[in-house]
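Engineer: Here it is: the structure, laid out below.
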Amino acid sequence: MEDRRPYGAGLALVAAGVALLSLKGIVIKLSYALDIDAVSLLLLRLGIALPVYLVVARFAGAGGEPLSRRQWLGVAGCGLLGAYLASILDFWALQYITASLERLVLYAYPTLVLLFSRILFGRRIRRSDLAALALAYSGLALVFVQDARLYDLEATAVGTALVLASAAAYALFLVGSGELIPKLGSVRFTAYAMIAAAAGIGVHFALARPTAIATLPAEGFALAGFLAVACTLAPSFLMSAGLGRVGAANAAMVGMIGPPVTIAAAHFVLGEAVTWRHGVGTVLIIAGVLGVTLRGRRRAAETAAAPRERAAEPE
């Protein structure tokens, strides 16, 4: 009888990683209640995580081929785009909108990857993709309208624009990293990119808020530490470990728990409203994103298999 324990452990690891990552917006909102600004909070988040990435970069790069100047620039650019710019836009967005809406918009980033792949590389978008996009953005529109009614319309619009820009930056990061990851490996690439992002926020902080950390309360450092360890480092290691056991498609299915975890935590911890429109919108978004994600992985698998099939054919 087949041992299902590694598979079950993989699902648990991915679920734990997704759940911890889903608490990020809650922790940021709690930090803002202590009058911690976005730049200082992001600096602490990446600064606390930086030693780990430095160690990972040291060992992941040992014995590997040295990077060319073009590769260094590519990795640095990806890090600044996907981990610095996307993060600071996301942090700013949470000053205006609910943690629930922020999470739902970010969850829809695979739809932007699909659109950017079409715009930049001319990749085909099928009717099934269009249907998935329609589902996802109908759900986002429903949640946006509901939040605009419950809260402030202008703040909701500004925050949504910021988090959409964050999701777009992250989607471009993923599209741009497609050439570098096969050459460097995902671990090495991620470590180098995060180091570049930490340097970026360090420069930003030095120029904009050089003395802000000196006045932070002890609770602020505790929340920043939790954000760095529990909502940044731990999810990346947990999901990487789980992904190797269950595969990308199953991990994407488990990822569905992310938005509901954020919505529930935001309701009970922050007092955010939850209505039937939030529920329907969330279901539509998850369905649309899953449609895009799973079809994209299926097409990638078919593309990878095609050369092997042709090689096996008689000449």
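Simple scheme: letters A, B, ... for chains in structure tokens order, numbers from 1 for residues in each chain, numbers from 1 for ligands in the order shown.
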Show me, as a PyMOL selection string, the residues that have an atom within 7 Å of A:Val105 when counting only C-alpha atoms, minus same-chain residues fewer than 5 positions from it.

Structural biologist: chain A and resi 140+163-164

Engineer: Please dump the current selection as a PDB file, in the first residue's frame; keep C-alpha atoms.

Structural biologist:
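Here's the written file selection03.pdb:
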ATOM      1  CA  LEU A 140     -12.732  42.095  -7.727  1.00  0.00           C
ATOM      2  CA  VAL A 163      -2.169  47.421  -4.750  1.00  0.00           C
ATOM      3  CA  LEU A 164      -2.931  46.841  -8.445  1.00  0.00           C
TER       4      LEU A 164
END

Engineer: Kindly indicate which residue among A:Tyr151, A:Tyr109, A:Phe116, A:Trp72 lies nearest to A:Leu290, using only C-alpha atoms for the distances.

Structural biologist: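 Smallest separation from A:Leu290 among the options: A:Tyr109.
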
Engineer: Taking only C-alpha atoms into account, name the residue in A:Ser186, A:Val246, A:Leu11, A:Ala196 that is nearest to A:Leu73.

Structural biologist: A:Ala196

Engineer: Would you please extract all helix (DSSP H, G or I) residues from stretch 34-193 of chain A, as assigned by DSSP on the backbone, and give them as number ranges by chain?

Structural biologist: A: 38-61, 69-93, 99-107, 109-121, 127-150, 153-177, 181-184, 186-193

Engineer: How about saving the chosen residues, C-alpha atoms kept, as a compact mmCIF listing (two decimals), in the first residue's frame?

Structural biologist:
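Writing the result to result_30.txt gives the following:
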# COMPACT_ATOMS: atom_id res chain seq x y z
CA ALA A 38 5.45 52.02 5.69
CA VAL A 39 9.12 52.70 4.82
CA SER A 40 10.37 51.96 8.34
CA LEU A 41 8.27 48.80 8.55
CA LEU A 42 9.52 47.47 5.22
CA LEU A 43 13.11 48.29 6.21
CA LEU A 44 12.74 46.29 9.42
CA ARG A 45 11.05 43.42 7.58
CA LEU A 46 13.83 43.05 5.01
CA GLY A 47 16.59 44.00 7.44
CA ILE A 48 15.65 41.24 9.88
CA ALA A 49 15.38 38.72 7.04
CA LEU A 50 18.59 39.88 5.32
CA PRO A 51 21.10 37.73 7.32
CA VAL A 52 19.21 34.60 6.31
CA TYR A 53 19.28 35.57 2.64
CA LEU A 54 23.00 36.37 2.87
CA VAL A 55 23.71 32.90 4.26
CA VAL A 56 21.50 31.27 1.62
CA ALA A 57 23.23 33.27 -1.12
CA ARG A 58 26.65 32.22 0.16
CA PHE A 59 25.88 28.51 0.12
CA ALA A 60 23.64 28.52 -2.96
CA GLY A 61 26.34 30.29 -4.95
CA ARG A 69 27.34 41.66 -15.59
CA ARG A 70 24.07 41.31 -17.50
CA GLN A 71 22.87 38.62 -15.09
CA TRP A 72 23.79 40.72 -12.05
CA LEU A 73 21.86 43.65 -13.46
CA GLY A 74 18.92 41.38 -14.26
CA VAL A 75 18.79 39.90 -10.77
CA ALA A 76 19.14 43.32 -9.13
CA GLY A 77 16.44 44.76 -11.37
CA CYS A 78 14.09 41.89 -10.61
CA GLY A 79 14.70 42.26 -6.88
CA LEU A 80 14.08 46.00 -6.93
CA LEU A 81 10.93 45.50 -8.99
CA GLY A 82 9.40 42.44 -7.37
CA ALA A 83 10.48 42.70 -3.73
CA TYR A 84 11.13 46.41 -3.16
CA LEU A 85 8.73 48.31 -5.44
CA ALA A 86 5.92 45.75 -5.21
CA SER A 87 6.26 45.63 -1.42
CA ILE A 88 6.34 49.37 -0.78
CA LEU A 89 3.31 49.91 -3.03
CA ASP A 90 1.51 47.14 -1.15
CA PHE A 91 2.42 48.63 2.22
CA TRP A 92 1.18 52.06 1.10
CA ALA A 93 -2.06 50.53 -0.19
CA ALA A 99 -6.59 43.86 4.46
CA SER A 100 -9.25 41.68 2.81
CA LEU A 101 -9.42 43.73 -0.39
CA GLU A 102 -5.63 44.01 -0.52
CA ARG A 103 -5.23 40.25 -0.30
CA LEU A 104 -7.84 39.57 -2.98
CA VAL A 105 -6.21 41.98 -5.43
CA LEU A 106 -2.76 40.48 -4.83
CA TYR A 107 -4.18 36.96 -5.18
CA TYR A 109 -1.60 38.53 -9.88
CA PRO A 110 -1.53 35.42 -12.16
CA THR A 111 -4.10 37.16 -14.36
CA LEU A 112 -1.64 40.03 -14.82
CA VAL A 113 1.17 37.57 -15.63
CA LEU A 114 -1.08 36.20 -18.39
CA LEU A 115 -1.79 39.69 -19.75
CA PHE A 116 1.87 40.79 -19.64
CA SER A 117 2.94 37.57 -21.37
CA ARG A 118 0.51 38.42 -24.15
CA ILE A 119 1.67 42.05 -24.41
CA LEU A 120 5.43 41.42 -24.15
CA PHE A 121 5.81 38.04 -25.83
CA ARG A 127 -11.25 31.64 -24.69
CA SER A 128 -10.97 29.66 -21.48
CA ASP A 129 -8.41 32.21 -20.26
CA LEU A 130 -10.77 35.06 -21.12
CA ALA A 131 -13.54 33.36 -19.16
CA ALA A 132 -11.22 32.97 -16.16
CA LEU A 133 -10.19 36.62 -16.41
CA ALA A 134 -13.84 37.68 -16.52
CA LEU A 135 -14.57 35.66 -13.38
CA ALA A 136 -11.62 37.08 -11.46
CA TYR A 137 -12.22 40.72 -12.34
CA SER A 138 -15.98 40.45 -11.81
CA GLY A 139 -15.20 39.26 -8.30
CA LEU A 140 -12.73 42.09 -7.73
CA ALA A 141 -15.26 44.64 -8.95
CA LEU A 142 -17.92 43.25 -6.61
CA VAL A 143 -15.63 43.45 -3.56
CA PHE A 144 -14.37 46.90 -4.55
CA VAL A 145 -17.89 48.31 -4.87
CA GLN A 146 -18.89 46.80 -1.54
CA ASP A 147 -15.86 48.26 0.26
CA ALA A 148 -16.43 51.63 -1.41
CA ARG A 149 -19.95 51.62 0.02
CA LEU A 150 -18.87 50.55 3.49
CA LEU A 153 -14.78 55.76 -1.92
CA GLU A 154 -11.70 57.91 -2.57
CA ALA A 155 -9.51 55.97 -0.13
CA THR A 156 -10.71 52.66 -1.57
CA ALA A 157 -9.92 53.83 -5.10
CA VAL A 158 -6.44 55.09 -4.17
CA GLY A 159 -5.59 51.95 -2.19
CA THR A 160 -6.86 49.64 -4.92
CA ALA A 161 -4.80 51.50 -7.53
CA LEU A 162 -1.69 51.13 -5.36
CA VAL A 163 -2.17 47.42 -4.75
CA LEU A 164 -2.93 46.84 -8.44
CA ALA A 165 0.37 48.57 -9.22
CA SER A 166 2.03 46.30 -6.65
CA ALA A 167 0.52 43.21 -8.26
CA ALA A 168 1.60 44.46 -11.69
CA ALA A 169 5.18 45.00 -10.47
CA TYR A 170 5.24 41.48 -9.02
CA ALA A 171 3.78 40.02 -12.22
CA LEU A 172 6.48 41.77 -14.28
CA PHE A 173 9.06 40.42 -11.84
CA LEU A 174 7.82 36.88 -12.50
CA VAL A 175 7.78 37.39 -16.26
CA GLY A 176 11.29 38.86 -16.19
CA SER A 177 12.69 36.18 -13.90
CA ILE A 181 15.88 31.26 -12.75
CA PRO A 182 16.79 28.33 -15.07
CA LYS A 183 20.39 29.60 -15.17
CA LEU A 184 20.83 30.48 -11.50
CA SER A 186 15.39 29.43 -7.80
CA VAL A 187 17.12 29.48 -4.39
CA ARG A 188 20.14 31.45 -5.57
CA PHE A 189 18.02 33.83 -7.62
CA THR A 190 15.61 34.51 -4.74
CA ALA A 191 18.43 35.18 -2.27
CA TYR A 192 20.21 37.61 -4.60
CA ALA A 193 16.95 39.37 -5.51

Engineer: May I ask which of the residues A:Pro235, A:Gly178, A:Gly202, A:Gly255 is the closest one to A:Lys24, counting only C-alpha atoms?

Structural biologist: A:Pro235

Engineer: Could you tell me how far atom CA of A:Tyr96 lies from atom CA of A:Ala15, in Å and to one decimal?

Structural biologist: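 Going from atom CA of A:Tyr96 over to atom CA of A:Ala15 covers 28.4 Å.
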
Engineer: I'd like the contact shell of A:Ser31 - 8 Å cut-off, only C-alpha atoms, skipping same-chain residues fewer than 3 positions apart - returned as a VMD selection string.

Structural biologist: chain A and resid 27 to 28 34 to 36 41 220 223 to 224

Engineer: Can you tell me how far atom CA of A:Pro217 sits from atom CA of A:Asp37, in Å to one decimal?

Structural biologist: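 For atom CA of A:Pro217 relative to atom CA of A:Asp37, the distance reads 12.2 Å.
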
Engineer: Mind pulling up the distance from atom CA of A:Ser22 to atom CA of A:Ala9?

Structural biologist: 19.8 Å
